[in-house]
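Working notes, beginning with the structure itself.
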Amino acid sequence: MSRALKASEPILVAGARGLVGSAIVRRLRADGFQNLLVPERSELDLADKAAVDSYFKAHRPSYVFLAAAKVGGIFANDTFPAEFIHGNLVIQNNVIEVSQQHEVRKLAFLGSSCIYPRLAPQPIKEEYLLSGPLEPTNEWYAVAKIAGIKMCQAYRRQYGFNAISLMPTNLYGPNDNFDLKNSHVLPAMIRKFHEAKVSGANHVVVWGTGTPRREFLHVDDLADAAVFLLQHYDDEDIINVGVGEDISIGDLARLVADVVGFDGEIVFDTSKPDGTPRKLLDVTRLHSVGWRARISLREGVVETYRWYVSQLESQGV
Ligand code: GFB
């Protein structure tokens, strides 16, 4: 069973530079945990099992957040299926196996809401996993993440390894990927509307029909949930991490345009895929263990836009 984390215990955040990992590091530091292991890719290639084994031998982490992954939006997933399935399987296999072999006390595996069937009943309960066909645009990533879940469950059953699997909904926030092709929708919209405002463009193109619905959780909320669940959740069953409400892509575009201060036209490019029509997570289990999201979408977008602009200014853009 879990016990309170001691401030001195070494905690490895795999993927510490990414959107999720960097938020978990911020949260842990704010909570007084100082013995954090945050290797960059140049220090530790998670795809190299021998390197992972040597790192664990040298640093002996007590806890592991497995937040490292090959991630991307609908276009990236659809375009690079081999990289998404292979890259994520290799990282997960290495970190979960080596963690168990080095007697890590507990590991938190970060999955994704895309593991659920394309047309799962909404809101999506954890038990809907593997109950229907996946969304074709990201089934490769989804299968890799499902394999990670099954690996955590198998290592718990066979070795008694305390690994938990968190299934976050769509995430956004500081340190996100703002690349216009490979990013997720929210950072892409923040950048598009900002650039249109600055350039004086009279319209912004949004992909798809604008009718799909998505749920958005600020990554600081996710990090808070991940640290909370590492200390209070010990079950082999997956647990959804979301806010419990969603928004249409069209309304999201109008919200981001308003926050950014763009008052031109929003044009929908229906040649681009919509992806899953809806993926609102059921958060009953999450609430029953005592955690609720706190950051509203609007305040999260305001904060993320402020961060984005500050980054541009620091780069002299
Ligand atoms: O965020 P997104 O790329 O991924 O797309 P998913 C969400 C919706 O936003 C889709 C629309 O309907 C897109 O067509 N969209 C509109 C845009 N404009 C844009 C834009 O400029 N960029 C992008 N990217 N989308 C992801 C999975 O699915 O969900 C990941 O591909 C991961 O693997 C993530 O699981 C949680 O929400 O469709």
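Every chain in the structure tokens has a letter given in the order shown (A, B, ...), and although residue numbers restart at 1 in each chain, ligands are simply numbered from 1 in the order shown.
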Shell of 12 Å around A:Ser62, only C-alpha atoms, local chain residues under 4 positions omitted, as a PyMOL selection string
chain A and resi 2+5-13+35-37+56-57+99-100+102-108+162+230
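Every residue having at least one atom no farther than 6 Å from ligand 1 is included below, with only C-alpha atoms and all ligand atoms taken into account: Gly72, Gly73, Ile74, Asn77, Ser112, Ser113, Cys114, Asn138, Tyr141, Thr169, Asn170, Ser183, His184, Val185, Ala188, Met189, Val206, Trp207, Gly208, Pro212, Ile249, Pro273, Asp274, Gly275 and Thr276 of chain A.
With only C-alpha atoms as the basis for measurement, A:His194 is the residue among A:His194, A:Arg285, A:Arg157, A:His218 that approaches A:Asp258 most closely.
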Any idea what's packed within 8 Å of A:Val219, counting only C-alpha atoms, ignoring anything in its chain fewer than 3 positions away? Could you give it as a VMD selection string?
chain A and resid 19 to 20 23 171 to 174 222 to 223
Would you mind exporting the chosen residues as a short mmCIF file (atom, residue, chain, number, x, y, z; two decimals), in the first residue's frame, restricted to N, CA, C and O atoms?
data_model
loop_
_atom_site.label_atom_id
_atom_site.label_comp_id
_atom_site.auth_asym_id
_atom_site.auth_seq_id
_atom_site.Cartn_x
_atom_site.Cartn_y
_atom_site.Cartn_z
N LEU A 19 5.44 18.41 -21.68
CA LEU A 19 4.27 19.10 -21.13
C LEU A 19 3.89 18.51 -19.77
O LEU A 19 3.74 19.24 -18.78
N VAL A 20 3.75 17.19 -19.70
CA VAL A 20 3.29 16.56 -18.45
C VAL A 20 4.43 16.49 -17.43
O VAL A 20 4.27 16.88 -16.27
N ALA A 23 5.33 19.68 -15.67
CA ALA A 23 4.29 20.10 -14.70
C ALA A 23 4.39 19.26 -13.43
O ALA A 23 4.22 19.77 -12.31
N LEU A 171 -4.80 17.31 -22.83
CA LEU A 171 -4.07 18.19 -21.92
C LEU A 171 -3.55 19.43 -22.67
O LEU A 171 -3.37 19.40 -23.89
N TYR A 172 -3.33 20.49 -21.92
CA TYR A 172 -2.73 21.71 -22.49
C TYR A 172 -2.06 22.47 -21.37
O TYR A 172 -2.30 22.21 -20.18
N GLY A 173 -1.23 23.44 -21.75
CA GLY A 173 -0.59 24.27 -20.74
C GLY A 173 0.83 24.67 -21.15
O GLY A 173 1.23 24.50 -22.31
N PRO A 174 1.61 25.20 -20.21
CA PRO A 174 2.98 25.64 -20.51
C PRO A 174 3.84 24.46 -20.98
O PRO A 174 3.57 23.32 -20.61
N LEU A 222 -3.43 18.16 -13.93
CA LEU A 222 -3.02 16.76 -14.10
C LEU A 222 -1.87 16.42 -13.17
O LEU A 222 -1.86 15.38 -12.51
N ALA A 223 -0.90 17.32 -13.09
CA ALA A 223 0.26 17.06 -12.23
C ALA A 223 -0.17 16.91 -10.78
O ALA A 223 0.28 16.02 -10.05
#
Would you return as number ranges by chain the members of stretch 24-236 of chain A that DSSP assigns to alpha helix (DSSP H) on this structure's backbone?
A: 24-30, 49-59, 74-79, 81-101, 139-159, 185-199, 219-232
Could you pull the residues within 10 Å of A:Val309, counting only C-alpha atoms, minus those fewer than 4 positions along the same chain, as a ChimeraX atom specification?
/A:190-191,194,304-305,313-315,317
With only C-alpha atoms as the counted atoms, please give the residues lying no more than 8 Å from A:Ile238, apart from itself and same-chain residues fewer than 2 positions off, as a PyMOL selection string.
chain A and resi 126+149+164-167+235-236+240
Write the residues of the selection above to a file with all heavy atoms, as an mmCIF file, in the first residue's frame.
data_model
loop_
_atom_site.group_PDB
_atom_site.id
_atom_site.type_symbol
_atom_site.label_atom_id
_atom_site.label_comp_id
_atom_site.auth_asym_id
_atom_site.auth_seq_id
_atom_site.Cartn_x
_atom_site.Cartn_y
_atom_site.Cartn_z
ATOM 1 N N GLU A 126 -14.152 3.735 -17.295
ATOM 2 C CA GLU A 126 -12.905 2.951 -17.432
ATOM 3 C C GLU A 126 -13.189 1.535 -17.969
ATOM 4 O O GLU A 126 -12.410 0.989 -18.754
ATOM 5 C CB GLU A 126 -12.181 2.861 -16.085
ATOM 6 C CG GLU A 126 -11.527 4.173 -15.617
ATOM 7 C CD GLU A 126 -12.455 5.028 -14.764
ATOM 8 O OE1 GLU A 126 -13.669 4.724 -14.689
ATOM 9 O OE2 GLU A 126 -11.965 6.011 -14.170
ATOM 10 N N ILE A 149 -0.746 -0.212 -20.106
ATOM 11 C CA ILE A 149 -1.706 -0.516 -19.021
ATOM 12 C C ILE A 149 -1.605 -1.995 -18.655
ATOM 13 O O ILE A 149 -1.479 -2.374 -17.485
ATOM 14 C CB ILE A 149 -3.146 -0.192 -19.470
ATOM 15 C CG1 ILE A 149 -3.343 1.306 -19.651
ATOM 16 C CG2 ILE A 149 -4.160 -0.778 -18.493
ATOM 17 C CD1 ILE A 149 -4.616 1.673 -20.404
ATOM 18 N N ILE A 164 0.453 1.998 -11.091
ATOM 19 C CA ILE A 164 -0.914 2.480 -11.348
ATOM 20 C C ILE A 164 -0.944 3.152 -12.723
ATOM 21 O O ILE A 164 0.077 3.643 -13.206
ATOM 22 C CB ILE A 164 -1.388 3.464 -10.260
ATOM 23 C CG1 ILE A 164 -0.470 4.686 -10.152
ATOM 24 C CG2 ILE A 164 -1.514 2.751 -8.922
ATOM 25 C CD1 ILE A 164 -0.989 5.757 -9.182
ATOM 26 N N SER A 165 -2.129 3.144 -13.348
ATOM 27 C CA SER A 165 -2.273 3.707 -14.701
ATOM 28 C C SER A 165 -3.309 4.815 -14.716
ATOM 29 O O SER A 165 -4.492 4.581 -14.458
ATOM 30 C CB SER A 165 -2.687 2.605 -15.685
ATOM 31 O OG SER A 165 -1.662 1.642 -15.812
ATOM 32 N N LEU A 166 -2.841 6.028 -15.026
ATOM 33 C CA LEU A 166 -3.699 7.205 -15.074
ATOM 34 C C LEU A 166 -4.047 7.498 -16.532
ATOM 35 O O LEU A 166 -3.159 7.489 -17.385
ATOM 36 C CB LEU A 166 -2.963 8.426 -14.489
ATOM 37 C CG LEU A 166 -2.813 8.557 -12.984
ATOM 38 C CD1 LEU A 166 -2.237 7.304 -12.347
ATOM 39 C CD2 LEU A 166 -1.887 9.733 -12.652
ATOM 40 N N MET A 167 -5.341 7.763 -16.801
ATOM 41 C CA MET A 167 -5.780 8.044 -18.167
ATOM 42 C C MET A 167 -6.255 9.488 -18.273
ATOM 43 O O MET A 167 -7.425 9.777 -18.060
ATOM 44 C CB MET A 167 -6.913 7.096 -18.583
ATOM 45 C CG MET A 167 -6.502 5.662 -18.652
ATOM 46 S SD MET A 167 -5.117 5.436 -19.793
ATOM 47 C CE MET A 167 -3.930 4.667 -18.660
ATOM 48 N N ASP A 235 -4.754 0.738 -6.977
ATOM 49 C CA ASP A 235 -5.512 -0.316 -7.636
ATOM 50 C C ASP A 235 -4.942 -0.636 -9.015
ATOM 51 O O ASP A 235 -4.361 0.238 -9.659
ATOM 52 C CB ASP A 235 -6.981 0.160 -7.776
ATOM 53 C CG ASP A 235 -7.931 -1.007 -7.948
ATOM 54 O OD1 ASP A 235 -7.825 -1.650 -9.015
ATOM 55 O OD2 ASP A 235 -8.701 -1.291 -7.025
ATOM 56 N N GLU A 236 -5.140 -1.878 -9.466
ATOM 57 C CA GLU A 236 -4.643 -2.236 -10.798
ATOM 58 C C GLU A 236 -5.531 -1.636 -11.892
ATOM 59 O O GLU A 236 -5.118 -1.502 -13.024
ATOM 60 C CB GLU A 236 -4.554 -3.744 -10.977
ATOM 61 C CG GLU A 236 -5.856 -4.466 -11.142
ATOM 62 C CD GLU A 236 -5.650 -5.894 -11.687
ATOM 63 O OE1 GLU A 236 -4.506 -6.393 -11.696
ATOM 64 O OE2 GLU A 236 -6.650 -6.490 -12.113
ATOM 65 N N ASN A 240 -9.533 7.338 -14.827
ATOM 66 C CA ASN A 240 -9.628 8.525 -15.706
ATOM 67 C C ASN A 240 -9.263 9.778 -14.919
ATOM 68 O O ASN A 240 -9.594 9.899 -13.740
ATOM 69 C CB ASN A 240 -11.064 8.681 -16.229
ATOM 70 C CG ASN A 240 -11.437 7.622 -17.251
ATOM 71 O OD1 ASN A 240 -10.572 7.018 -17.891
ATOM 72 N ND2 ASN A 240 -12.736 7.380 -17.389
#
